[in-house]
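Structure record follows, encoded as structure tokens.
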Amino acid sequence: MVSNASSSFDPEDGSIYDSANDMKAFDETKGGVKGLADSGLIKIPRFFVHPPEKPQQPPSNSSNINLQVPIINFEGFESSRRIEVVNEIRRASENWGLFQVVNHGIPENVMDDMLEGVKRFHEQPQEVKTEFYTRDADQRVKFFTGAPLLTKEPAIWRDTVAFDFKDGKLDPQLFPAIMREEVGEYFRHVTKTGKALSELLSEALGLRSNYLSSIECMETESLVGHYYPACPQPELTFGTTTHSDPSFLTILLQDNKGGLQVLHQNQWVDVPPLQGALLVNIGDLMQLITNDRFRSVEHRVLAGEVGPRISLASFFFPSTANTFKPYGVIQELLSDDTPIYRATHLAEFMGQYMSTGSYISTLSHFKVSNGQAFSSTEDTG
Ligand code: OGA
Ligand code: NI
């Protein structure tokens, strides 16, 4: 159950206080974290303050410089280097759950223009962007902040503009005028990249290349443009708290500021900005249908003293017709293994993800205990 009370950690005396009212008041300004940052404050409001990391978690600012996120060169992926690229994707998806891609085919100016568009949206006069300010899940273009009104989590130092391309469709008239062209152009390109990745991932799983497209698990795209303002006390809060993405797949474009980290071998590893690269990460639902073969990865964004940092995430989900279609472990991957997860549908999975309020380990909820799965394997008892 989700409670309406929000608790934050008070840095002055270590006490926990109920931040729900402060958060609500902040939300109602509709100015976002940027509005707050622009007011020139030197201490962040206490509802942004996160408790110090629990001892069993890796230290918050350490980053292991010996570990490097895989970088995959897509050059020739449709011809001479297909097998090589497929093999690299398999290794990265099994071991890391994410990788950087260069030579993916999206022109650099399209990516730069998109990031500029996100920046322009957030930096336009407040009264223009508040037109889009809403918490309504049915609004397909919206602007919102990092204050999680319905959970117990502290707020995060981030504003977001989001576009919901249901089944790949969204009327451009709904886009904010200030970034209309850029959104349309980037969406066209990233959709193509998504299709290419769907084929490469299918092959990396040893399946026919149209397998993932045939189950229609990547037809709906949600584009979110994050704006992380400079933060006067970055060590007390987060840009994005630790989570794994509930999607099947995510393609992320980040600017050159840095701050993104992934949890790998129980250590936080920086994902350094790489000019012209896209980041691809496996989502929870992909981990479920691949029976843990491919791993979704926990990641977070540190708040930064310099800013703003801009990023653009594209989340791939099933088509709307498949909101209640069961997605379970792919049978072809189960020759010896028993399924780790039971089947679920998007509506149930997202309901579970949103209800926990802390976006970690949603998958464990769908684990089959003692191998009692409903699947084709006969030998579970
Ligand atoms: C996300 C996310 C990272 C970033 O939106 O799920 O992890 O760099 N974003 O903004
Ligand atoms: Ni994420």
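Residues are referred to by chain and number: the chain letter is A, B, ... according to the order shown in the structure tokens, the number counts from 1 in that chain, and ligands are numbered separately from 1 in the order shown.
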Hey, which residues sit close to ligand 2? Say within 7 Å, counting only C-alpha atoms and all ligand atoms, and write them as a PyMOL selection string. chain A and resi 243-245+299
Any chance you can output those residues with all heavy atoms as a PDB file, in the first residue's frame?
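What ended up in selection.pdb:
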ATOM      1  N   HIS A 243      17.344   2.848  -9.376  1.00  0.00           N
ATOM      2  CA  HIS A 243      16.181   2.136  -9.914  1.00  0.00           C
ATOM      3  C   HIS A 243      16.643   1.288 -11.087  1.00  0.00           C
ATOM      4  O   HIS A 243      17.738   1.484 -11.622  1.00  0.00           O
ATOM      5  CB  HIS A 243      15.116   3.125 -10.407  1.00  0.00           C
ATOM      6  CG  HIS A 243      15.556   3.882 -11.638  1.00  0.00           C
ATOM      7  ND1 HIS A 243      16.487   4.902 -11.596  1.00  0.00           N
ATOM      8  CD2 HIS A 243      15.233   3.736 -12.950  1.00  0.00           C
ATOM      9  CE1 HIS A 243      16.710   5.353 -12.812  1.00  0.00           C
ATOM     10  NE2 HIS A 243      15.966   4.654 -13.663  1.00  0.00           N
ATOM     11  N   SER A 244      15.799   0.338 -11.474  1.00  0.00           N
ATOM     12  CA  SER A 244      15.981  -0.281 -12.781  1.00  0.00           C
ATOM     13  C   SER A 244      14.756   0.124 -13.591  1.00  0.00           C
ATOM     14  O   SER A 244      13.720   0.457 -13.027  1.00  0.00           O
ATOM     15  CB  SER A 244      16.115  -1.797 -12.662  1.00  0.00           C
ATOM     16  OG  SER A 244      15.008  -2.333 -11.969  1.00  0.00           O
ATOM     17  N   ASP A 245      14.878   0.133 -14.922  1.00  0.00           N
ATOM     18  CA  ASP A 245      13.752   0.580 -15.747  1.00  0.00           C
ATOM     19  C   ASP A 245      12.745  -0.558 -15.901  1.00  0.00           C
ATOM     20  O   ASP A 245      13.136  -1.699 -16.174  1.00  0.00           O
ATOM     21  CB  ASP A 245      14.237   1.027 -17.128  1.00  0.00           C
ATOM     22  CG  ASP A 245      15.139   2.263 -17.043  1.00  0.00           C
ATOM     23  OD1 ASP A 245      15.121   2.953 -16.011  1.00  0.00           O
ATOM     24  OD2 ASP A 245      15.852   2.533 -18.032  1.00  0.00           O
ATOM     25  N   HIS A 299      20.547   1.747 -11.777  1.00  0.00           N
ATOM     26  CA  HIS A 299      21.332   2.942 -12.097  1.00  0.00           C
ATOM     27  C   HIS A 299      20.760   4.142 -11.367  1.00  0.00           C
ATOM     28  O   HIS A 299      19.672   4.076 -10.802  1.00  0.00           O
ATOM     29  CB  HIS A 299      21.388   3.151 -13.612  1.00  0.00           C
ATOM     30  CG  HIS A 299      20.046   3.150 -14.310  1.00  0.00           C
ATOM     31  ND1 HIS A 299      19.321   2.006 -14.534  1.00  0.00           N
ATOM     32  CD2 HIS A 299      19.298   4.142 -14.820  1.00  0.00           C
ATOM     33  CE1 HIS A 299      18.195   2.300 -15.160  1.00  0.00           C
ATOM     34  NE2 HIS A 299      18.140   3.609 -15.336  1.00  0.00           N
TER      35      HIS A 299
END
DSSP-assigned strand (DSSP E or B) among stretch 257-326 of chain A, expressed as a list in words: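 Put together, the selection reads Leu260, Gln261, Val262, Leu263, His264, Gln267, Trp268, Val269, Asp270, Leu278, Leu279, Val280, Asn281, Ile282, His299, Arg300, Val301, Leu302, Arg309, Ile310, Ser311, Leu312, Ala313, Ser314, Phe315, Phe316 and Phe317 of chain A.
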Any residue with an atom at most 7 Å from ligand 1 counts, using only C-alpha atoms and all ligand atoms. Which are they? Put them as a list in words.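 Based on only C-alpha atoms and all ligand atoms, ligand 1 is surrounded within 7 Å by Val224, His226, Thr240, Asp245, Leu252, Gln254, Leu260, His299, Arg300, Val301, Ser311, Leu312 and Ala313 of chain A.
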Store the residues of this selection in a file with N, CA and C atoms, as a PDB file, in the first residue's frame.
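The new file again-v6.pdb reads:
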ATOM      1  N   VAL A 224      11.245  10.715 -22.423  1.00  0.00           N
ATOM      2  CA  VAL A 224      11.270  11.665 -21.304  1.00  0.00           C
ATOM      3  C   VAL A 224      12.540  12.506 -21.338  1.00  0.00           C
ATOM      4  N   HIS A 226      14.832  14.888 -19.368  1.00  0.00           N
ATOM      5  CA  HIS A 226      15.143  15.340 -17.999  1.00  0.00           C
ATOM      6  C   HIS A 226      16.018  16.585 -18.017  1.00  0.00           C
ATOM      7  N   THR A 240      18.542  11.363  -9.921  1.00  0.00           N
ATOM      8  CA  THR A 240      17.616  10.229 -10.052  1.00  0.00           C
ATOM      9  C   THR A 240      18.063   9.185  -9.037  1.00  0.00           C
ATOM     10  N   ASP A 245      14.878   0.133 -14.922  1.00  0.00           N
ATOM     11  CA  ASP A 245      13.752   0.580 -15.747  1.00  0.00           C
ATOM     12  C   ASP A 245      12.745  -0.558 -15.901  1.00  0.00           C
ATOM     13  N   LEU A 252      19.082   5.656 -24.042  1.00  0.00           N
ATOM     14  CA  LEU A 252      19.314   6.918 -23.342  1.00  0.00           C
ATOM     15  C   LEU A 252      20.346   7.777 -24.064  1.00  0.00           C
ATOM     16  N   GLN A 254      22.571  11.109 -23.269  1.00  0.00           N
ATOM     17  CA  GLN A 254      22.947  12.046 -22.204  1.00  0.00           C
ATOM     18  C   GLN A 254      23.881  13.114 -22.769  1.00  0.00           C
ATOM     19  N   LEU A 260      25.730  10.005 -14.332  1.00  0.00           N
ATOM     20  CA  LEU A 260      25.031   8.720 -14.401  1.00  0.00           C
ATOM     21  C   LEU A 260      25.956   7.606 -13.915  1.00  0.00           C
ATOM     22  N   HIS A 299      20.547   1.747 -11.777  1.00  0.00           N
ATOM     23  CA  HIS A 299      21.332   2.942 -12.097  1.00  0.00           C
ATOM     24  C   HIS A 299      20.760   4.142 -11.367  1.00  0.00           C
ATOM     25  N   ARG A 300      21.518   5.230 -11.381  1.00  0.00           N
ATOM     26  CA  ARG A 300      21.091   6.455 -10.689  1.00  0.00           C
ATOM     27  C   ARG A 300      21.860   7.630 -11.292  1.00  0.00           C
ATOM     28  N   VAL A 301      21.414   8.831 -10.959  1.00  0.00           N
ATOM     29  CA  VAL A 301      22.120  10.025 -11.409  1.00  0.00           C
ATOM     30  C   VAL A 301      22.425  10.877 -10.184  1.00  0.00           C
ATOM     31  N   SER A 311      19.191  15.009 -20.265  1.00  0.00           N
ATOM     32  CA  SER A 311      19.198  13.661 -20.830  1.00  0.00           C
ATOM     33  C   SER A 311      17.832  13.369 -21.426  1.00  0.00           C
ATOM     34  N   LEU A 312      17.808  12.354 -22.275  1.00  0.00           N
ATOM     35  CA  LEU A 312      16.567  12.001 -22.952  1.00  0.00           C
ATOM     36  C   LEU A 312      16.475  10.487 -22.974  1.00  0.00           C
ATOM     37  N   ALA A 313      15.482   9.944 -22.283  1.00  0.00           N
ATOM     38  CA  ALA A 313      15.327   8.487 -22.257  1.00  0.00           C
ATOM     39  C   ALA A 313      14.153   8.075 -23.129  1.00  0.00           C
TER      40      ALA A 313
END
Non-local contacts of A:Ser319 (12 Å; only C-alpha atoms; under 2 positions in same chain excluded) as JSON, numbers by chain: {"A": [164, 165, 166, 167, 168, 169, 213, 214, 215, 216, 217, 218, 219, 220, 221, 222, 248, 316, 317, 321, 322, 323, 324, 325, 345, 346, 347]}
Based on the backbone DSSP call, show me all residues of stretch 71-113 of chain A assigned alpha helix (DSSP H), as a ChimeraX atom specification. /A:82-95,108-113
Extract, using only C-alpha atoms, all DNA, RNA and protein residues at most 9 Å from A:Pro246, discarding same-chain residues fewer than 5 positions from it, and format them as a PyMOL selection string. chain A and resi 283-286+296+315+317+349-350+353+359+362-363
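Using only C-alpha atoms, the contacts of A:Glu75 at a cut-off of 9 Å, with sequence neighbours closer than 6 positions omitted, comprise Arg81, Val85, Val102, Asn103, His104 and Gly105 of chain A.
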Atom CA of A:Asn210 to atom CA of A:Asn73, straight-line distance in Å: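 Between atom CA of A:Asn73 and atom CA of A:Asn210 the gap is 21.9 Å.
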Residues at most 10 Å from A:Phe294, counting only C-alpha atoms, excluding those fewer than 3 positions away in the same chain, as JSON, numbers by chain? {"A": [89, 90, 91, 92, 93, 94, 95, 96, 97, 98, 201, 204, 205, 281, 282, 283, 284, 286, 287, 288, 289, 290, 291, 297]}
Mind pulling up the distance from atom CA of A:Leu197 to atom CA of A:Glu185? 18.8 Å
Taking only C-alpha atoms into account, name the residue in A:Leu67, A:Ala162, A:Arg120, A:Met114 that is nearest to A:Ala137.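 Smallest distance to A:Ala137 is found for A:Ala162.
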Please provide as a PyMOL selection string all residues within 9 Å of A:Gln261, with the sequence filter that same-chain residues fewer than 6 positions apart are discarded (counting only C-alpha atoms). chain A and resi 63+268-272+298-302
Expected file: the selected residues, N, CA, C and O atoms, as a PDB file, in the first residue's frame:
ATOM      1  N   SER A  63      33.278   5.421  -7.080  1.00  0.00           N
ATOM      2  CA  SER A  63      33.072   4.876  -8.403  1.00  0.00           C
ATOM      3  C   SER A  63      34.340   4.139  -8.761  1.00  0.00           C
ATOM      4  O   SER A  63      35.438   4.661  -8.589  1.00  0.00           O
ATOM      5  N   TRP A 268      29.383   1.078  -7.711  1.00  0.00           N
ATOM      6  CA  TRP A 268      28.874   2.112  -8.615  1.00  0.00           C
ATOM      7  C   TRP A 268      29.946   2.464  -9.635  1.00  0.00           C
ATOM      8  O   TRP A 268      31.065   2.801  -9.267  1.00  0.00           O
ATOM      9  N   VAL A 269      29.574   2.354 -10.890  1.00  0.00           N
ATOM     10  CA  VAL A 269      30.507   2.632 -11.975  1.00  0.00           C
ATOM     11  C   VAL A 269      29.976   3.822 -12.775  1.00  0.00           C
ATOM     12  O   VAL A 269      28.806   3.843 -13.165  1.00  0.00           O
ATOM     13  N   ASP A 270      30.816   4.821 -12.998  1.00  0.00           N
ATOM     14  CA  ASP A 270      30.415   5.975 -13.807  1.00  0.00           C
ATOM     15  C   ASP A 270      30.143   5.555 -15.243  1.00  0.00           C
ATOM     16  O   ASP A 270      30.866   4.730 -15.794  1.00  0.00           O
ATOM     17  N   VAL A 271      29.121   6.146 -15.836  1.00  0.00           N
ATOM     18  CA  VAL A 271      28.896   5.968 -17.263  1.00  0.00           C
ATOM     19  C   VAL A 271      29.341   7.269 -17.924  1.00  0.00           C
ATOM     20  O   VAL A 271      28.589   8.235 -17.982  1.00  0.00           O
ATOM     21  N   PRO A 272      30.590   7.306 -18.371  1.00  0.00           N
ATOM     22  CA  PRO A 272      31.137   8.577 -18.854  1.00  0.00           C
ATOM     23  C   PRO A 272      30.457   9.009 -20.142  1.00  0.00           C
ATOM     24  O   PRO A 272      30.196   8.181 -21.019  1.00  0.00           O
ATOM     25  N   GLU A 298      20.551  -1.720 -12.267  1.00  0.00           N
ATOM     26  CA  GLU A 298      20.226  -0.592 -11.397  1.00  0.00           C
ATOM     27  C   GLU A 298      21.147   0.575 -11.723  1.00  0.00           C
ATOM     28  O   GLU A 298      22.346   0.398 -11.924  1.00  0.00           O
ATOM     29  N   HIS A 299      20.547   1.747 -11.777  1.00  0.00           N
ATOM     30  CA  HIS A 299      21.332   2.942 -12.097  1.00  0.00           C
ATOM     31  C   HIS A 299      20.760   4.142 -11.367  1.00  0.00           C
ATOM     32  O   HIS A 299      19.672   4.076 -10.802  1.00  0.00           O
ATOM     33  N   ARG A 300      21.518   5.230 -11.381  1.00  0.00           N
ATOM     34  CA  ARG A 300      21.091   6.455 -10.689  1.00  0.00           C
ATOM     35  C   ARG A 300      21.860   7.630 -11.292  1.00  0.00           C
ATOM     36  O   ARG A 300      22.831   7.445 -12.034  1.00  0.00           O
ATOM     37  N   VAL A 301      21.414   8.831 -10.959  1.00  0.00           N
ATOM     38  CA  VAL A 301      22.120  10.025 -11.409  1.00  0.00           C
ATOM     39  C   VAL A 301      22.425  10.877 -10.184  1.00  0.00           C
ATOM     40  O   VAL A 301      21.523  11.194  -9.398  1.00  0.00           O
ATOM     41  N   LEU A 302      23.700  11.201  -9.998  1.00  0.00           N
ATOM     42  CA  LEU A 302      24.083  12.073  -8.890  1.00  0.00           C
ATOM     43  C   LEU A 302      23.661  13.504  -9.217  1.00  0.00           C
ATOM     44  O   LEU A 302      23.691  13.916 -10.372  1.00  0.00           O
TER      45      LEU A 302
END
